[in-house]
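What follows is a single structure, written as structure tokens, with notes after it.
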Amino acid sequence: MPFRQKASLSFFLILNSLDFRRICVTYLDVDINNIDINIVIWYHIVDNIPSLKGTDITMQKTEMRNPLTTHIDKMSTSEMLQVIQNENRNAVEAVGEALEDIGKAVDAISASLEKGGRLIYMGAGTSGRLGVIDAAECPPTYGVSYDTVIGIIAGGKEAMFRANEGGEDDPMAGVADLKEKELKSCDTVVGISAAGNAAYVIHALEYAKSIGCTTVGISSNHGCLLEKTADIAIITDTGAEVITGSTRMKAGTAQKLVLNMLSTCAMVKTGKVYENLMINLRPTNIKLARRMVSIVSEIMECDEEKAEKLLNENDWNIRKAVGEKE
């Protein structure tokens, strides 16, 4: 069968009437006129591509059917909600099982930030959107610049609002997006992929490693390419989704929880928090201005009128307003 190194393609082969197995084949151009191919040849192809050698091509958990929701289309509203909530709990438990690796990632990110490096999230689809959301929330919460924590999604800004499902299959786009950010060895790059095989993310991490960056991978499937590629792999084994393959659900929930932990703990470790208070806030709206007054009042053990006076005298800078008390 003719093939040559080219781009990343995903093939779904019907092995029997009920069982679909997904094979992610990297750098492969296949003669589509010869798609009727023996599965043994596919095993041979996968085994002879360096980046895929040893990869399990059996169905991943995130693509399996959930037996508890097989007949969700016949359930009442309350029954649907209960089964979804039960599965939500599984997502939380899966994050708990990965705390050791999450901790390694936090320490690596903190070290990067201390050296003047950046935290860069990369992903496609839901995974990419979650990274962008976490990055966008760091400046108003912790007072860091918008260049300190960066979220990159396959397909660019438009993909935040309109699905670009093919973006995950473009291996060179991820590399190009990192090059645009002028990647430095002191940066930490976090690749996010529920299934763990998105070419966009895998190749971006491979490029980041070649620069000398620390790389982190977040996925919900053990044995995936992301786990094999990243320096630190965080695997939240959330299992089969309520709606088969809809990884915006449990896998996405777990990803959001992990991202919360990574950015929050890194900001705490790099001095962006006093006790459990935000001390780098800026008064960019009424709510935040009131919060700043409350924080100063709490730290200085004074009334809000005095706290506001201190802020006015110190250019609405909490650190300056609380002085030695901090």
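Here's how to read the names in the structure tokens: chain A, B, ... by the order shown, residue numbers from 1 in each chain, ligand numbers from 1 in the order shown.
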- request: Go through stretch 108-316 of chain A and collect every residue that DSSP, computed from the backbone, puts in strand (DSSP E or B); the answer should be as a ChimeraX atom specification.
  value: /A:119-123,149-153,188-192,214-219,232-235,273-274,277-278
Select from stretch 195-278 of chain A every residue with an atom at most 12 Å from any atom of stretch 287-307 of chain A, then for each give the shortest pair of atoms and their distance in Å to one decimal, using only C-alpha atoms, rows by chain and rising number, as CSV.
```
residue,atom,partner,partner_atom,distance
A:Val273,CA,A:Ile295,CA,11.3
A:Tyr274,CA,A:Ile299,CA,9.2
A:Glu275,CA,A:Ile299,CA,9.5
A:Asn276,CA,A:Ile295,CA,10.1
A:Leu277,CA,A:Ile295,CA,6.8
A:Met278,CA,A:Ile295,CA,7.7
```
Would you mind exporting the chosen residues as a PDB file, in the first residue's frame, restricted to all heavy atoms?
```pdb
ATOM      1  N   VAL A 273      -0.391  35.847  46.298  1.00  0.00           N
ATOM      2  CA  VAL A 273      -1.475  35.735  47.274  1.00  0.00           C
ATOM      3  C   VAL A 273      -0.900  35.954  48.671  1.00  0.00           C
ATOM      4  O   VAL A 273       0.194  35.470  48.987  1.00  0.00           O
ATOM      5  CB  VAL A 273      -2.143  34.343  47.193  1.00  0.00           C
ATOM      6  CG1 VAL A 273      -3.145  34.145  48.315  1.00  0.00           C
ATOM      7  CG2 VAL A 273      -2.816  34.152  45.841  1.00  0.00           C
ATOM      8  N   TYR A 274      -1.627  36.691  49.515  1.00  0.00           N
ATOM      9  CA  TYR A 274      -1.273  36.828  50.927  1.00  0.00           C
ATOM     10  C   TYR A 274      -2.346  36.114  51.725  1.00  0.00           C
ATOM     11  O   TYR A 274      -3.524  36.430  51.620  1.00  0.00           O
ATOM     12  CB  TYR A 274      -1.203  38.297  51.323  1.00  0.00           C
ATOM     13  CG  TYR A 274      -1.055  38.522  52.810  1.00  0.00           C
ATOM     14  CD1 TYR A 274       0.137  38.186  53.464  1.00  0.00           C
ATOM     15  CD2 TYR A 274      -2.113  39.031  53.560  1.00  0.00           C
ATOM     16  CE1 TYR A 274       0.269  38.377  54.830  1.00  0.00           C
ATOM     17  CE2 TYR A 274      -1.989  39.239  54.924  1.00  0.00           C
ATOM     18  CZ  TYR A 274      -0.795  38.902  55.560  1.00  0.00           C
ATOM     19  OH  TYR A 274      -0.665  39.083  56.909  1.00  0.00           O
ATOM     20  N   GLU A 275      -1.921  35.132  52.549  1.00  0.00           N
ATOM     21  CA  GLU A 275      -2.865  34.225  53.185  1.00  0.00           C
ATOM     22  C   GLU A 275      -3.734  33.640  52.071  1.00  0.00           C
ATOM     23  O   GLU A 275      -3.216  32.969  51.199  1.00  0.00           O
ATOM     24  CB  GLU A 275      -3.646  34.950  54.288  1.00  0.00           C
ATOM     25  CG  GLU A 275      -2.743  35.366  55.444  1.00  0.00           C
ATOM     26  CD  GLU A 275      -3.470  36.042  56.587  1.00  0.00           C
ATOM     27  OE1 GLU A 275      -4.663  36.409  56.433  1.00  0.00           O
ATOM     28  OE2 GLU A 275      -2.845  36.222  57.662  1.00  0.00           O
ATOM     29  N   ASN A 276      -5.041  33.906  52.086  1.00  0.00           N
ATOM     30  CA  ASN A 276      -5.853  33.447  50.949  1.00  0.00           C
ATOM     31  C   ASN A 276      -6.517  34.624  50.244  1.00  0.00           C
ATOM     32  O   ASN A 276      -7.602  34.510  49.676  1.00  0.00           O
ATOM     33  CB  ASN A 276      -6.910  32.429  51.401  1.00  0.00           C
ATOM     34  CG  ASN A 276      -7.916  33.023  52.377  1.00  0.00           C
ATOM     35  OD1 ASN A 276      -7.718  34.123  52.887  1.00  0.00           O
ATOM     36  ND2 ASN A 276      -8.977  32.281  52.648  1.00  0.00           N
ATOM     37  N   LEU A 277      -5.815  35.751  50.268  1.00  0.00           N
ATOM     38  CA  LEU A 277      -6.361  36.990  49.707  1.00  0.00           C
ATOM     39  C   LEU A 277      -5.620  37.413  48.444  1.00  0.00           C
ATOM     40  O   LEU A 277      -4.399  37.276  48.341  1.00  0.00           O
ATOM     41  CB  LEU A 277      -6.262  38.123  50.746  1.00  0.00           C
ATOM     42  CG  LEU A 277      -7.017  37.889  52.060  1.00  0.00           C
ATOM     43  CD1 LEU A 277      -6.671  38.973  53.061  1.00  0.00           C
ATOM     44  CD2 LEU A 277      -8.523  37.835  51.813  1.00  0.00           C
ATOM     45  N   MET A 278      -6.362  37.950  47.483  1.00  0.00           N
ATOM     46  CA  MET A 278      -5.771  38.483  46.246  1.00  0.00           C
ATOM     47  C   MET A 278      -5.166  39.858  46.560  1.00  0.00           C
ATOM     48  O   MET A 278      -5.894  40.788  46.861  1.00  0.00           O
ATOM     49  CB  MET A 278      -6.842  38.661  45.167  1.00  0.00           C
ATOM     50  CG  MET A 278      -7.637  37.437  44.828  1.00  0.00           C
ATOM     51  SD  MET A 278      -8.909  37.883  43.588  1.00  0.00           S
ATOM     52  CE  MET A 278      -9.913  36.403  43.603  1.00  0.00           C
TER      53      MET A 278
END
```
field: Nearest-residue call for A:Met249, choices A:Ser220, A:Pro67, A:Lys104, A:Tyr142, using only C-alpha atoms
entry: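 Of all the options, A:Ser220 lies closest to A:Met249.
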task: For A:Cys138, please output as a list in words all residues within 12 Å (counting only C-alpha atoms; exclusion window: fewer than 5 positions along the same chain).
output: Leu119, Gly131, Val132, Ile133, Gly143, Val144, Ser145, Tyr146, Asp147, Thr148, Val149, Ile150, Gly151, Leu259, Asn260, Leu262, Ser263, Thr264, Cys265, Ala266, Met267, Val268, Lys272, Met278, Asn280 and Leu281 of chain A
- prompt: Counting only C-alpha atoms, which of A:Ser127, A:Thr238, A:Asn90, A:Thr62 gets nearest to A:Gly167?
  reply: A:Ser127
